[in-house]
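Visitor: Got a structure for you, questions after.
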Amino acid sequence: MTDTCVIFAGGDPVKAETVDKSLLENAFIICADKGFALAESLAVEADIVLGDFDSLNYTPKGDKVMCFPPEKDDTDLMLAVNKALEIGAKKIVIYGACGGRIDHMIGNIACLALIAEKGASGTIVGDNDILSFHMPGEFSVPYKEGFSLSLFAYSREVKGLAISGAKYSVQDCTLTDSVTLGVSNEIIPPAAKISFTEGRLLVIQSRL
């Protein structure tokens, strides 16, 4: 089983050029509800299609379809994330999970938090935004032309924060969940290096 899973969700669809075609070649593909329509529009064949299909408005046919009742505890995307983790995915990339209702978007970020808590890497990729979630440690965020870099504490505090390779650099900073200090930085090519010692961090790259 591949350690990479790509999930297509039912938020705003993405353009074909946004999808990393090389990533799809060896990835396990899961479609969550209306994400099935997105995958079909991109000529991507799913390995599993799941959800309650209230957004798709019909239930796909076939033995790869997993149908759930609308009255459930998890969103369709969370069901897909749990399935990806169940099959052992260590890298999960999600398309079609941006835009739409703000409550759904916050729920989608919670899916990224779960992925990180389980020790895997998760990213939501949209046409105009790229979101990733990080536990304490060190990582890099590659430069992407025309995109800003913003950091948000997803815990009361993110301690020991250090940023280099960006217009605004810091060392041993504490970022809290009630400040906008981390909004709209600029990455200096080729990448920004970020590390922190305590807390949980949400990273967002947004098109300017």
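Going by the structure tokens order, chains are called A, B, ..., each with residues numbered from 1, while ligands are numbered from 1 in the order shown.
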Identify all residues of range 112-173 of chain A in helix (DSSP H, G or I) (DSSP on the backbone) and supply them as an mmCIF file with all heavy atoms, in the first residue's frame.

Guide:
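Wrote it out as result.cif, contents follow:
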data_model
loop_
_atom_site.group_PDB
_atom_site.id
_atom_site.type_symbol
_atom_site.label_atom_id
_atom_site.label_comp_id
_atom_site.auth_asym_id
_atom_site.auth_seq_id
_atom_site.Cartn_x
_atom_site.Cartn_y
_atom_site.Cartn_z
ATOM 1 N N LEU A 112 -7.035 18.476 9.330
ATOM 2 C CA LEU A 112 -5.573 18.603 9.274
ATOM 3 C C LEU A 112 -4.960 18.389 10.657
ATOM 4 O O LEU A 112 -3.895 17.776 10.785
ATOM 5 C CB LEU A 112 -5.177 19.986 8.753
ATOM 6 C CG LEU A 112 -5.373 20.281 7.270
ATOM 7 C CD1 LEU A 112 -4.848 21.690 6.952
ATOM 8 C CD2 LEU A 112 -4.680 19.255 6.392
ATOM 9 N N ALA A 113 -5.640 18.906 11.691
ATOM 10 C CA ALA A 113 -5.134 18.732 13.056
ATOM 11 C C ALA A 113 -5.084 17.255 13.424
ATOM 12 O O ALA A 113 -4.106 16.779 14.015
ATOM 13 C CB ALA A 113 -6.011 19.501 14.039
ATOM 14 N N LEU A 114 -6.117 16.511 13.061
ATOM 15 C CA LEU A 114 -6.133 15.081 13.356
ATOM 16 C C LEU A 114 -4.989 14.363 12.651
ATOM 17 O O LEU A 114 -4.308 13.520 13.241
ATOM 18 C CB LEU A 114 -7.464 14.462 12.932
ATOM 19 C CG LEU A 114 -7.539 12.942 13.078
ATOM 20 C CD1 LEU A 114 -7.507 12.549 14.559
ATOM 21 C CD2 LEU A 114 -8.779 12.382 12.402
ATOM 22 N N ILE A 115 -4.771 14.696 11.397
ATOM 23 C CA ILE A 115 -3.688 14.066 10.626
ATOM 24 C C ILE A 115 -2.351 14.273 11.330
ATOM 25 O O ILE A 115 -1.561 13.340 11.499
ATOM 26 C CB ILE A 115 -3.646 14.636 9.199
ATOM 27 C CG1 ILE A 115 -4.898 14.220 8.423
ATOM 28 C CG2 ILE A 115 -2.390 14.158 8.460
ATOM 29 C CD1 ILE A 115 -5.069 14.939 7.091
ATOM 30 N N ALA A 116 -2.101 15.513 11.763
ATOM 31 C CA ALA A 116 -0.836 15.815 12.437
ATOM 32 C C ALA A 116 -0.727 15.080 13.762
ATOM 33 O O ALA A 116 0.342 14.566 14.115
ATOM 34 C CB ALA A 116 -0.713 17.326 12.655
ATOM 35 N N GLU A 117 -1.818 15.019 14.512
ATOM 36 C CA GLU A 117 -1.805 14.328 15.801
ATOM 37 C C GLU A 117 -1.509 12.843 15.641
ATOM 38 O O GLU A 117 -0.951 12.211 16.540
ATOM 39 C CB GLU A 117 -3.145 14.527 16.507
ATOM 40 C CG GLU A 117 -3.345 15.942 17.034
ATOM 41 C CD GLU A 117 -4.747 16.168 17.557
ATOM 42 O OE1 GLU A 117 -5.572 15.221 17.475
ATOM 43 O OE2 GLU A 117 -5.041 17.287 18.025
#

Visitor: Pick out each residue of range 12-166 of chain A that DSSP on the backbone tags as strand (DSSP E or B); I need them as a ChimeraX atom specification.

Guide: /A:28-32,48-51,65-67,91-95,121-125,129-134,137-142,147-153,157-164,166

Visitor: For the residues selected in the previous step, produce a file with C-alpha atoms as a PDB file, in the first residue's frame.

Guide:
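Heads up, here's the output in part_0.pdb:
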ATOM      1  CA  PHE A  28      -4.352   5.993  -3.109  1.00  0.00           C
ATOM      2  CA  ILE A  29      -7.340   8.114  -4.192  1.00  0.00           C
ATOM      3  CA  ILE A  30     -10.347   8.749  -1.955  1.00  0.00           C
ATOM      4  CA  CYS A  31     -13.352  10.863  -2.958  1.00  0.00           C
ATOM      5  CA  ALA A  32     -15.545  12.355  -0.236  1.00  0.00           C
ATOM      6  CA  ILE A  48     -12.693   4.553  -2.638  1.00  0.00           C
ATOM      7  CA  VAL A  49     -15.745   6.817  -2.839  1.00  0.00           C
ATOM      8  CA  LEU A  50     -17.460   7.538   0.472  1.00  0.00           C
ATOM      9  CA  GLY A  51     -19.937   9.839   2.182  1.00  0.00           C
ATOM     10  CA  VAL A  65     -18.512   2.973  -2.791  1.00  0.00           C
ATOM     11  CA  MET A  66     -19.013   3.305   0.981  1.00  0.00           C
ATOM     12  CA  CYS A  67     -22.355   4.918   1.860  1.00  0.00           C
ATOM     13  CA  LYS A  91       1.193  11.887   3.479  1.00  0.00           C
ATOM     14  CA  ILE A  92      -2.352  13.109   2.832  1.00  0.00           C
ATOM     15  CA  VAL A  93      -3.064  15.826   0.256  1.00  0.00           C
ATOM     16  CA  ILE A  94      -6.604  17.186   0.040  1.00  0.00           C
ATOM     17  CA  TYR A  95      -8.092  19.019  -2.953  1.00  0.00           C
ATOM     18  CA  SER A 121       1.608  14.979   7.041  1.00  0.00           C
ATOM     19  CA  GLY A 122      -1.536  16.737   5.834  1.00  0.00           C
ATOM     20  CA  THR A 123      -2.058  19.539   3.330  1.00  0.00           C
ATOM     21  CA  ILE A 124      -5.156  21.207   1.904  1.00  0.00           C
ATOM     22  CA  VAL A 125      -4.435  22.606  -1.554  1.00  0.00           C
ATOM     23  CA  ASP A 129      -4.707  28.813  -0.564  1.00  0.00           C
ATOM     24  CA  ILE A 130      -2.451  26.061   0.788  1.00  0.00           C
ATOM     25  CA  LEU A 131      -2.957  24.964   4.402  1.00  0.00           C
ATOM     26  CA  SER A 132      -0.798  22.686   6.517  1.00  0.00           C
ATOM     27  CA  PHE A 133      -0.773  21.794  10.203  1.00  0.00           C
ATOM     28  CA  HIS A 134       2.301  21.141  12.313  1.00  0.00           C
ATOM     29  CA  GLY A 137       9.645  20.399  15.356  1.00  0.00           C
ATOM     30  CA  GLU A 138      11.295  21.916  12.294  1.00  0.00           C
ATOM     31  CA  PHE A 139      10.013  22.135   8.720  1.00  0.00           C
ATOM     32  CA  SER A 140      10.324  24.181   5.530  1.00  0.00           C
ATOM     33  CA  VAL A 141       7.700  25.999   3.476  1.00  0.00           C
ATOM     34  CA  PRO A 142       8.751  26.355  -0.184  1.00  0.00           C
ATOM     35  CA  PHE A 147       1.627  33.807  -2.280  1.00  0.00           C
ATOM     36  CA  SER A 148       1.968  35.154   1.258  1.00  0.00           C
ATOM     37  CA  LEU A 149       2.828  33.149   4.383  1.00  0.00           C
ATOM     38  CA  SER A 150       0.737  33.301   7.565  1.00  0.00           C
ATOM     39  CA  LEU A 151       1.115  31.430  10.848  1.00  0.00           C
ATOM     40  CA  PHE A 152      -1.647  30.885  13.416  1.00  0.00           C
ATOM     41  CA  ALA A 153      -1.502  29.289  16.851  1.00  0.00           C
ATOM     42  CA  GLU A 157       0.400  29.310  22.763  1.00  0.00           C
ATOM     43  CA  VAL A 158       3.058  28.260  20.276  1.00  0.00           C
ATOM     44  CA  LYS A 159       6.377  28.578  22.081  1.00  0.00           C
ATOM     45  CA  GLY A 160       9.957  28.754  20.865  1.00  0.00           C
ATOM     46  CA  LEU A 161       8.880  29.851  17.392  1.00  0.00           C
ATOM     47  CA  ALA A 162      11.723  30.623  15.007  1.00  0.00           C
ATOM     48  CA  ILE A 163      11.351  31.781  11.388  1.00  0.00           C
ATOM     49  CA  SER A 164      14.166  32.291   8.894  1.00  0.00           C
ATOM     50  CA  ALA A 166      11.296  35.191   5.319  1.00  0.00           C
TER      51      ALA A 166
END

Visitor: Would you mind telling me which residue in A:Thr59, A:Ser155, A:Asn82, A:Asn108 lies nearest to Gly10 in chain A when using only C-alpha atoms?

Guide: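 Looking only at the distances to Gly10 in chain A, the closest residue turns out to be A:Asn108.
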
Visitor: For each of A:Asp172, A:Glu40, A:Glu17, A:Glu186, take the minimum atom-to-atom distance to Leu208 in chain A, counting only C-alpha atoms, then give the residue where this is smallest.

Guide: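 Closest to Leu208 in chain A, using only C-alpha atoms: A:Glu186.
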
Visitor: Under the rule that only C-alpha atoms are counted, which of A:Lys15, A:Lys144, A:Lys193, A:Lys64 is the nearest residue to Arg207 in chain A?

Guide: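 Selected residue with least distance to Arg207 in chain A: A:Lys144.
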
Visitor: I want to know what sits within 9 Å of Leu85 in chain A, based on only C-alpha atoms, with residues of the same chain fewer than 5 positions away left out; could you give that as a list of chain:residue names?

Guide: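 Non-adjacent residues within range: A:Cys5, A:Ala80, A:Lys90, A:Ile92, A:Ile115, A:Lys118, A:Ala120.
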
Visitor: Can I get the selected residues back with N, CA, C and O atoms, as an mmCIF file, in the first residue's frame?

Guide:
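What landed in out_28.cif:
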data_model
loop_
_atom_site.group_PDB
_atom_site.id
_atom_site.type_symbol
_atom_site.label_atom_id
_atom_site.label_comp_id
_atom_site.auth_asym_id
_atom_site.auth_seq_id
_atom_site.Cartn_x
_atom_site.Cartn_y
_atom_site.Cartn_z
ATOM 1 N N CYS A 5 -1.789 9.412 0.136
ATOM 2 C CA CYS A 5 -3.214 9.384 -0.179
ATOM 3 C C CYS A 5 -3.644 10.771 -0.635
ATOM 4 O O CYS A 5 -3.297 11.775 -0.012
ATOM 5 N N ALA A 80 -13.105 10.415 5.212
ATOM 6 C CA ALA A 80 -12.055 10.120 4.234
ATOM 7 C C ALA A 80 -10.675 10.148 4.883
ATOM 8 O O ALA A 80 -9.824 9.297 4.598
ATOM 9 N N LYS A 90 0.906 8.153 5.203
ATOM 10 C CA LYS A 90 1.758 9.060 5.970
ATOM 11 C C LYS A 90 1.750 10.467 5.383
ATOM 12 O O LYS A 90 2.137 11.426 6.045
ATOM 13 N N ILE A 92 -0.977 12.963 3.304
ATOM 14 C CA ILE A 92 -2.352 13.109 2.832
ATOM 15 C C ILE A 92 -2.515 14.505 2.234
ATOM 16 O O ILE A 92 -2.316 15.508 2.921
ATOM 17 N N ILE A 115 -4.771 14.696 11.397
ATOM 18 C CA ILE A 115 -3.688 14.066 10.626
ATOM 19 C C ILE A 115 -2.351 14.273 11.330
ATOM 20 O O ILE A 115 -1.561 13.340 11.499
ATOM 21 N N LYS A 118 -1.875 12.283 14.493
ATOM 22 C CA LYS A 118 -1.630 10.865 14.231
ATOM 23 C C LYS A 118 -0.246 10.618 13.636
ATOM 24 O O LYS A 118 0.095 9.491 13.264
ATOM 25 N N ALA A 120 1.090 11.936 10.835
ATOM 26 C CA ALA A 120 1.179 11.996 9.380
ATOM 27 C C ALA A 120 1.259 13.455 8.922
ATOM 28 O O ALA A 120 1.102 14.381 9.711
#

Visitor: Rank A:Gly11, A:Pro190, A:Ala84, A:Asp20 by their smallest atom-to-atom distance to Asp47 in chain A, using only C-alpha atoms, and report the top residue only.

Guide: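 Among A:Gly11, A:Pro190, A:Ala84, A:Asp20, it is A:Ala84 that comes nearest to Asp47 in chain A.
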
Visitor: Rounded to one decimal, what separation in Å do you get between CA of Leu202 in chain A and CA of Glu145 in chain A?

Guide: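 Calculated distance between CA of Leu202 in chain A and CA of Glu145 in chain A is 20.2 Å.
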
Visitor: Could you work out how far CA of Leu23 in chain A lies from CA of Leu79 in chain A, giving the answer in Å with one decimal?

Guide: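 Spanning CA of Leu79 in chain A to CA of Leu23 in chain A is a straight-line distance of 21.5 Å.
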
Visitor: Rounded to one decimal, what separation in Å do you get between CA of Ala192 in chain A and CA of Ile204 in chain A?

Guide: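 CA of Ile204 in chain A lies 12.7 Å from CA of Ala192 in chain A.
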
Visitor: Taking only C-alpha atoms into account, which of A:Gly146, A:Ile87, A:Phe68, A:Val19 comes nearest Asp3 in chain A?

Guide: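 Ranked by minimum distance to Asp3 in chain A, first place goes to A:Ile87.
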